[in-house]
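Taking it in order: structure first as structure tokens, then the write-up.
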Amino acid sequence: MSDRLWDQNKAAASPRRGVRLASTILAGTAAAALLGACGSAGASSPTTAQAASGKAKVPITLYEAEGYGPSVAQAFTAKTGIPVRVVDHSTGTLLAKIQAEGSNPQWNMLWVDGDEPFASLDKAGYLLKGFLPSSGSLNPVGRRLVPADKSFIPTGTTVAGAVVYNSKVVSSPPASWQDLLKPQWRGAVGMNNPALSGPTYPFVAGMMQMLGGVNPGEHYFQSLKANGLHVFPTNKVTLGALVAGTIKLAVVQNSAGLGFAYKNPGLKVAYPSKVTLLPGILGIDSHASATQIAESKQFANFVYSPQGQAAMLAGDPHGDSLFSPVVTGTIPHKAVPSLSSLPLQVLNPYVWGSRESQVNTFFTNQIVG
Amino acid sequence: MKVSPEVKLDHVFKRYGSVPVLRDVTMTVPAGSFTVLLGPSGSGKSTLLRCVAGIEQISDGSISIGGQVVAAKRRHCPPERRELAMVFQDYALWPHMKVSANVAFALRRLDLSGTEVHARVGNMLERLGLDGLADRYPAELSGGQQQRVALARALVSRPGLILFDEPLSNLDADLRDRLRVEIATLVREAGSTALYITHDQAEAFALADLVGVVHEGQLVQLGPAEEIYSAPKTPFVARFTGLSGELPAKISARPDNGMVRASIGDAHFSARCHALGDRVDPRASVTVMVRHGTVHIAPPGSAEETLEAEVIDAAFRGRGYDHVIQLTTGQRMVGVFDKRRHNPGDRVRIRLDPAGCHAYFTPSGNEAGDSGASRSAESGTPRPEEAAAWPAA
Amino acid sequence: MSIAAARRIRPASSRPFDRQSGVVSLIASKATVGLLWVALGAFLIIPTMSFLVLAFSPRLFGQGTAWLTASNLKTALGGVTLRGMVDSIAVSSFAAITATAVGVGIAWLVQRRDLPGRSALTFGLWAIMIVPTYVVGAGWEAVLGPAGLLRSAGIASPALAHLFFSGFGVAVVLALRGVPFAYFAISVAMAGLGRDVEDAARTHGGNRRDVARVAIGLLAPALFSSLVIVFAESIGDFGVAATIAQASSFPVATYQIYASISTFPAQFGVAAVVGWLLVAAVALALMLQARLTKGRSYAVIGGRIRPAAVRRLGLLPKLTATLAVGFFFTLALGVPVLGGFVASLFPPLEPLGLSHLTLAYYLQIPHSKSLGGSVLFSMRMATLAATATVAGAAIVARLVGSPRAGWAGRLVDLTMLTAVAIPGVVFAAGYVFTYNLGFWHHLGLSLYGTSTLLGIAYVGAALPTSARLLSGPMAQLQGSLIGAARVHGASPISAWRKAALPLVARSLMWAWLLAFSATFLELPVSEMLAPAGVTPVSVAVTQVLNKSNLSEGAALSVTAVLLTLGVIAAVLALWRVVAPAGWRYLGRTWWGPTQTERLGAPMAGERKGLAG
């Protein structure tokens, strides 16, 4: 390798012939690239959130899909000096990564919407049990979201399926989910495919729970299909179809609807009875080193602190920051309805988490197809 | 001027995977000689040349140039250090270099000054009638000009050894003759050792001090052109160096002084028996290979030592006529020359010149002239049954 | 590298014939091939295989309890997954046939008729290959989608939208994307066809149709390889699957893979079975090709083929041809580009009007957090990966194209082509399985989660296509050119540099650009393998699209594509300045009138691997 580099320098230094120069550049870049690749291994360690204080601390890795995640991590690092390596992808990608990493996990904390995956991770023994931050106290809804073994931590909540409508077109939105089966809404309802859109499964599962089980739930969605249900892949497309007028009612996660309403003032969000909560959850990997677990606990405590809550509210003001707080004393954004005013239900993630692939397969095969 | 080296091949084998391409080739190309390897396509001659050049590595045996071993089993001197030059069949001019750059490339290893390079290239191009084309790209030249550039590139560094890989095969006949003469002149002038391969026997005989005939990966015969022509060792060599026709015959008398009597039906004639060896049985089946130009149409009335035939075709050749004739036994002879024209359908008698007739054993169970039979015929093995009964001469 | 090593070991001896050097160079050449296999094994075959093995043995990678199971097969072969496979085969076959037909047409117009703007056409074809399919799909959605341009302009046609958002739309977009691949496969063979065969057919009384029949017969091997490569590219495509197919609820296999992986717990096993099916589909296509082209071989371009004359078109035919080609480019490039611009320049869901035109979304870009870092990171990775890819692809192409490649070459060729059909998600997941195994940590080789592994995966993902693209030009390199240089005193490196590199430099450059842009905008591998704290451009774009503003996301996509095009333009400009006259001369005349595309021709090497 060094030979070649030497060649390259020599050729570059001698202005003799263009041919030689150009050909050496082509041949030389290969060598340079290989050298560069070796160098880049070392260069890959720096982090977005650099340690603020002088003492070197062990970095912790946060897998997160929350719009405010990076801001909170940054604020945390600024306060504690603990560097946080943020891996920011969609929930699906993060879970796939975690699952693929298997018994050799690379994450210390996972922070995404929905508690079902955490129930599965808990059952598989991934999660640190028995810990709840002490820097803030939970409101009643928040307390309902904590599992018995305290293996994961609710940090806020949204509503899995709310009805978004264009108030210029629709004057009276449906008050119950059964209303959607009426001829009035024939061909007018759109929702996401739960197999492709993470936040949609809790909605589907919630409907099933509300209706008394998987079978009545399946029947409901079949009726909905018979009434001309549109199924889109993600929030973006479903809401796009709503604004374009293809559909009149979009059943999506309420924070997404609220975010869209910011830019499209005509849009409103309705909450038929009952709506299912979709909490933001933080989980800590139990396999990590003692230091990293301690630091992760520090992070969780920061999230529950007023400073952390403020960072959550500020991080993604037109998206995920539109959550309903579960920590007492935190004041949500104006557009977010108070939890106590909603006809809500909470799913048992340990029951419904294990049914996810079965339900999604049903949905993809029977409702989409 | 470098000393022209001798090239020696010693039991050289070359295999591609399990396919043998060269089989036990041993030969010496004398220093300063012009040696031509002649063989049909696929015979391995090109591979042999590439092994000498160092572009291919040999599987076994050894090759030495000027007394230095350049190739042996698990040893390979790369081509750039063999100090030779080569002319390729497809010219192998670098399309992105101008003519001058193509030629100058071969001078790089001499470490000459720029003016010297320029002068030598200019000289060489002029010598080959390429002056004025130095700034062209190869694609802007005709085929003949391209091959001249390739020749210039090979000669410009005055190498001791020059290899030619069918350099003329892509040219038309007229150009081929002219360039052949130029090659001969230039190489002799330079005094270089030349190893030249071709499938064209006329080209080989015209150029060569020594001709080697290659067949199926083996060097079948190596010698002066005259020897190859007058005493071909095997039917293949005979066939490949120009025949009028082949006749199946029987030995009818004991060999004498290199000649043997043979008969077709009741017609008798003499043939050279250098390939038959010592033990020849009476009545043994042989194939007689008849050289071009040694079949004559006998004057009317002569019956002795003649064979009866019918004229099939007559072609005017300026000095006379080339005829195709068919013997009453069915064999055809081509290129039968006579000053007089004999019309198709005419009955004639032909006489064979014994110097142009070469007898070889016909392998048992095979038709004479069957190409599949040639290998066993080449070996010259006598027929197994040994009989003592020769008719009295 | 090995050659350089050989050079170093050799003592500076003045002896003409050095006993050592032969052995060393022999070992060196063997070592190169060996090293190639090790690299292919480690970075392409093993990761892919480890994912595929999961289909039947989830426990092997800690993904389940069973060492051996057929349950994934059962799941995958039922219902929508099977339908996805059938759909995939159908649209890919359609795409392959359509793209090949269009490719033949364009190649013929370019080589045999004086179509105006022929060199721009080559550039356009490269551009089609370079824009990633998810950008293309998103562009179409932005034009025809429910909230698209046509609707904003008030000229939405529900019938057109209905037609487009279906299997038909998916197939058409895949076909458009396949045309460059088809074109490059065919144009080499067409150039090699020469005029003589045509003239022969004419003089023997053939009419135009007979001539075409003769020509097509001669082109058959090229046509088959065009069909196979477009089929493989289409069936493994993820971008169109994730956009148009998804939006039209038209399940295709690649998206089934994504869906199986993105539910929790992810059904890696099911995804693996679909992966197997994709591989099987391509293998089947290859077998079919081998059977149909048995005993035929390509006309190889040599110095002696009489180049076909470029004939003048009459005014009307010329106009028609220009319009047809223009229409093709409008569909293949114009619509997606327009979609991207419109989505990024106008606020969504407003009536279209100049008053709404805004650069706001572009102006936001510099303020986006760490986007500059993303661009720099991806630029660096793409540069390194493209360079390594092209170097590796050149070696692979040379190996495959060598007349003595034998079964090893054939195997590499097969591996490469099948790898084209493996979607990036599968590939990336395979990397996680392979390189996150505990035993690497015990060896002290913790590659997972480093930029190095990401870079290697980029190379692995780009290599198959790159090798295909280079196999044509590499196979055309006459060995005698290098041999002649060696014989006349050039060392192996010097011979390669002086006699071979100039001839393939342009192809290498184009292959580099393609690998660069594919890597710069690569999504699935980036998502799965980017180290913590680093955000490749494509991931940054996706994050914006997922979480925030559609328009800002579109602006980012357009910016990313423009950045890529900027790099391409810069490299092309650099080429003009730096490349010696002789190199550029080659581009002008050596391989006939439209050399660039022939130099960039893929797949002539296929004959070795598959035809025999």
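In the structure tokens, chains take letters A, B, ... by order of appearance, with residues numbered from 1 within each chain and ligands from 1 in the order shown.
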For this session: Pick out the residues sitting within 12 Å of Asn170 of chain B, and hand them over as number ranges by chain; count only C-alpha atoms, and ignore anything fewer than 3 positions along from it in its own chain.
Result: B: 88-91, 142-147, 165-167, 173-176, 179, 198; C: 302-305
Write the selection just made, keeping N, CA and C atoms, as an mmCIF file, in the first residue's frame?
```
data_model
loop_
_atom_site.group_PDB
_atom_site.id
_atom_site.type_symbol
_atom_site.label_atom_id
_atom_site.label_comp_id
_atom_site.auth_asym_id
_atom_site.auth_seq_id
_atom_site.Cartn_x
_atom_site.Cartn_y
_atom_site.Cartn_z
ATOM 1 N N PHE B 88 1.409 -8.882 -32.763
ATOM 2 C CA PHE B 88 0.217 -9.665 -32.472
ATOM 3 C C PHE B 88 -0.676 -9.798 -33.699
ATOM 4 N N GLN B 89 -1.431 -10.880 -33.686
ATOM 5 C CA GLN B 89 -2.343 -11.136 -34.796
ATOM 6 C C GLN B 89 -3.361 -10.022 -34.963
ATOM 7 N N ASP B 90 -3.920 -9.580 -33.797
ATOM 8 C CA ASP B 90 -4.908 -8.506 -33.879
ATOM 9 C C ASP B 90 -4.240 -7.145 -33.707
ATOM 10 N N TYR B 91 -2.978 -7.067 -33.962
ATOM 11 C CA TYR B 91 -2.146 -5.864 -33.895
ATOM 12 C C TYR B 91 -1.887 -5.416 -32.459
ATOM 13 N N SER B 142 -5.526 2.187 -41.922
ATOM 14 C CA SER B 142 -6.024 0.958 -42.553
ATOM 15 C C SER B 142 -5.393 -0.242 -41.861
ATOM 16 N N GLY B 143 -5.908 -1.432 -42.161
ATOM 17 C CA GLY B 143 -5.397 -2.644 -41.534
ATOM 18 C C GLY B 143 -3.901 -2.827 -41.777
ATOM 19 N N GLY B 144 -3.482 -2.598 -43.008
ATOM 20 C CA GLY B 144 -2.072 -2.763 -43.338
ATOM 21 C C GLY B 144 -1.202 -1.779 -42.589
ATOM 22 N N GLN B 145 -1.686 -0.554 -42.512
ATOM 23 C CA GLN B 145 -0.930 0.466 -41.789
ATOM 24 C C GLN B 145 -0.850 0.111 -40.298
ATOM 25 N N GLN B 146 -1.955 -0.404 -39.787
ATOM 26 C CA GLN B 146 -1.945 -0.779 -38.375
ATOM 27 C C GLN B 146 -0.903 -1.862 -38.119
ATOM 28 N N GLN B 147 -0.843 -2.833 -39.012
ATOM 29 C CA GLN B 147 0.107 -3.915 -38.796
ATOM 30 C C GLN B 147 1.532 -3.404 -38.958
ATOM 31 N N ASP B 165 3.004 -13.410 -34.031
ATOM 32 C CA ASP B 165 1.830 -14.276 -33.871
ATOM 33 C C ASP B 165 0.893 -14.058 -35.051
ATOM 34 N N GLU B 166 1.053 -14.861 -36.065
ATOM 35 C CA GLU B 166 0.252 -14.738 -37.297
ATOM 36 C C GLU B 166 0.037 -13.280 -37.697
ATOM 37 N N PRO B 167 1.090 -12.567 -37.927
ATOM 38 C CA PRO B 167 0.925 -11.128 -38.125
ATOM 39 C C PRO B 167 0.214 -10.771 -39.424
ATOM 40 N N ALA B 173 -4.322 -10.692 -49.608
ATOM 41 C CA ALA B 173 -3.197 -11.431 -50.181
ATOM 42 C C ALA B 173 -2.063 -10.533 -50.667
ATOM 43 N N ASP B 174 -2.414 -9.494 -51.374
ATOM 44 C CA ASP B 174 -1.410 -8.635 -51.988
ATOM 45 C C ASP B 174 -0.555 -7.980 -50.911
ATOM 46 N N LEU B 175 -1.260 -7.403 -49.914
ATOM 47 C CA LEU B 175 -0.606 -6.736 -48.812
ATOM 48 C C LEU B 175 0.252 -7.726 -48.024
ATOM 49 N N ARG B 176 -0.273 -8.935 -47.914
ATOM 50 C CA ARG B 176 0.402 -9.965 -47.148
ATOM 51 C C ARG B 176 1.781 -10.255 -47.735
ATOM 52 N N LEU B 179 4.178 -7.221 -47.123
ATOM 53 C CA LEU B 179 4.583 -7.079 -45.731
ATOM 54 C C LEU B 179 5.493 -8.236 -45.320
ATOM 55 N N THR B 198 2.436 -19.303 -37.994
ATOM 56 C CA THR B 198 1.465 -19.094 -39.069
ATOM 57 C C THR B 198 0.765 -20.408 -39.377
ATOM 58 N N GLY C 302 -14.607 -6.665 -32.528
ATOM 59 C CA GLY C 302 -13.190 -6.742 -32.819
ATOM 60 C C GLY C 302 -12.872 -5.637 -33.792
ATOM 61 N N GLY C 303 -11.608 -5.557 -34.166
ATOM 62 C CA GLY C 303 -11.236 -4.484 -35.064
ATOM 63 C C GLY C 303 -11.812 -4.683 -36.456
ATOM 64 N N ARG C 304 -12.287 -5.882 -36.730
ATOM 65 C CA ARG C 304 -12.583 -6.171 -38.127
ATOM 66 C C ARG C 304 -14.057 -6.097 -38.474
ATOM 67 N N ILE C 305 -14.874 -5.815 -37.485
ATOM 68 C CA ILE C 305 -16.293 -5.712 -37.816
ATOM 69 C C ILE C 305 -16.563 -4.375 -38.486
#
```
Within 12 Å of chain A, which residues belong to chain B? Use only C-alpha atoms and report them as a short mmCIF file (atom, residue, chain, number, x, y, z; two decimals) with C-alpha atoms, in the first residue's frame.
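Dumped to selection-v5.cif:
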```
data_model
loop_
_atom_site.label_atom_id
_atom_site.label_comp_id
_atom_site.auth_asym_id
_atom_site.auth_seq_id
_atom_site.Cartn_x
_atom_site.Cartn_y
_atom_site.Cartn_z
CA HIS B 96 -5.88 5.61 -26.96
CA MET B 97 -2.29 6.26 -28.02
CA ALA B 101 3.24 6.86 -28.70
CA GLY B 114 13.52 12.40 -25.54
#
```
Seminar exercise, completed: Here atom CA of Arg506 of chain C and atom CA of Ala154 of chain B stand apart by 28.8 Å
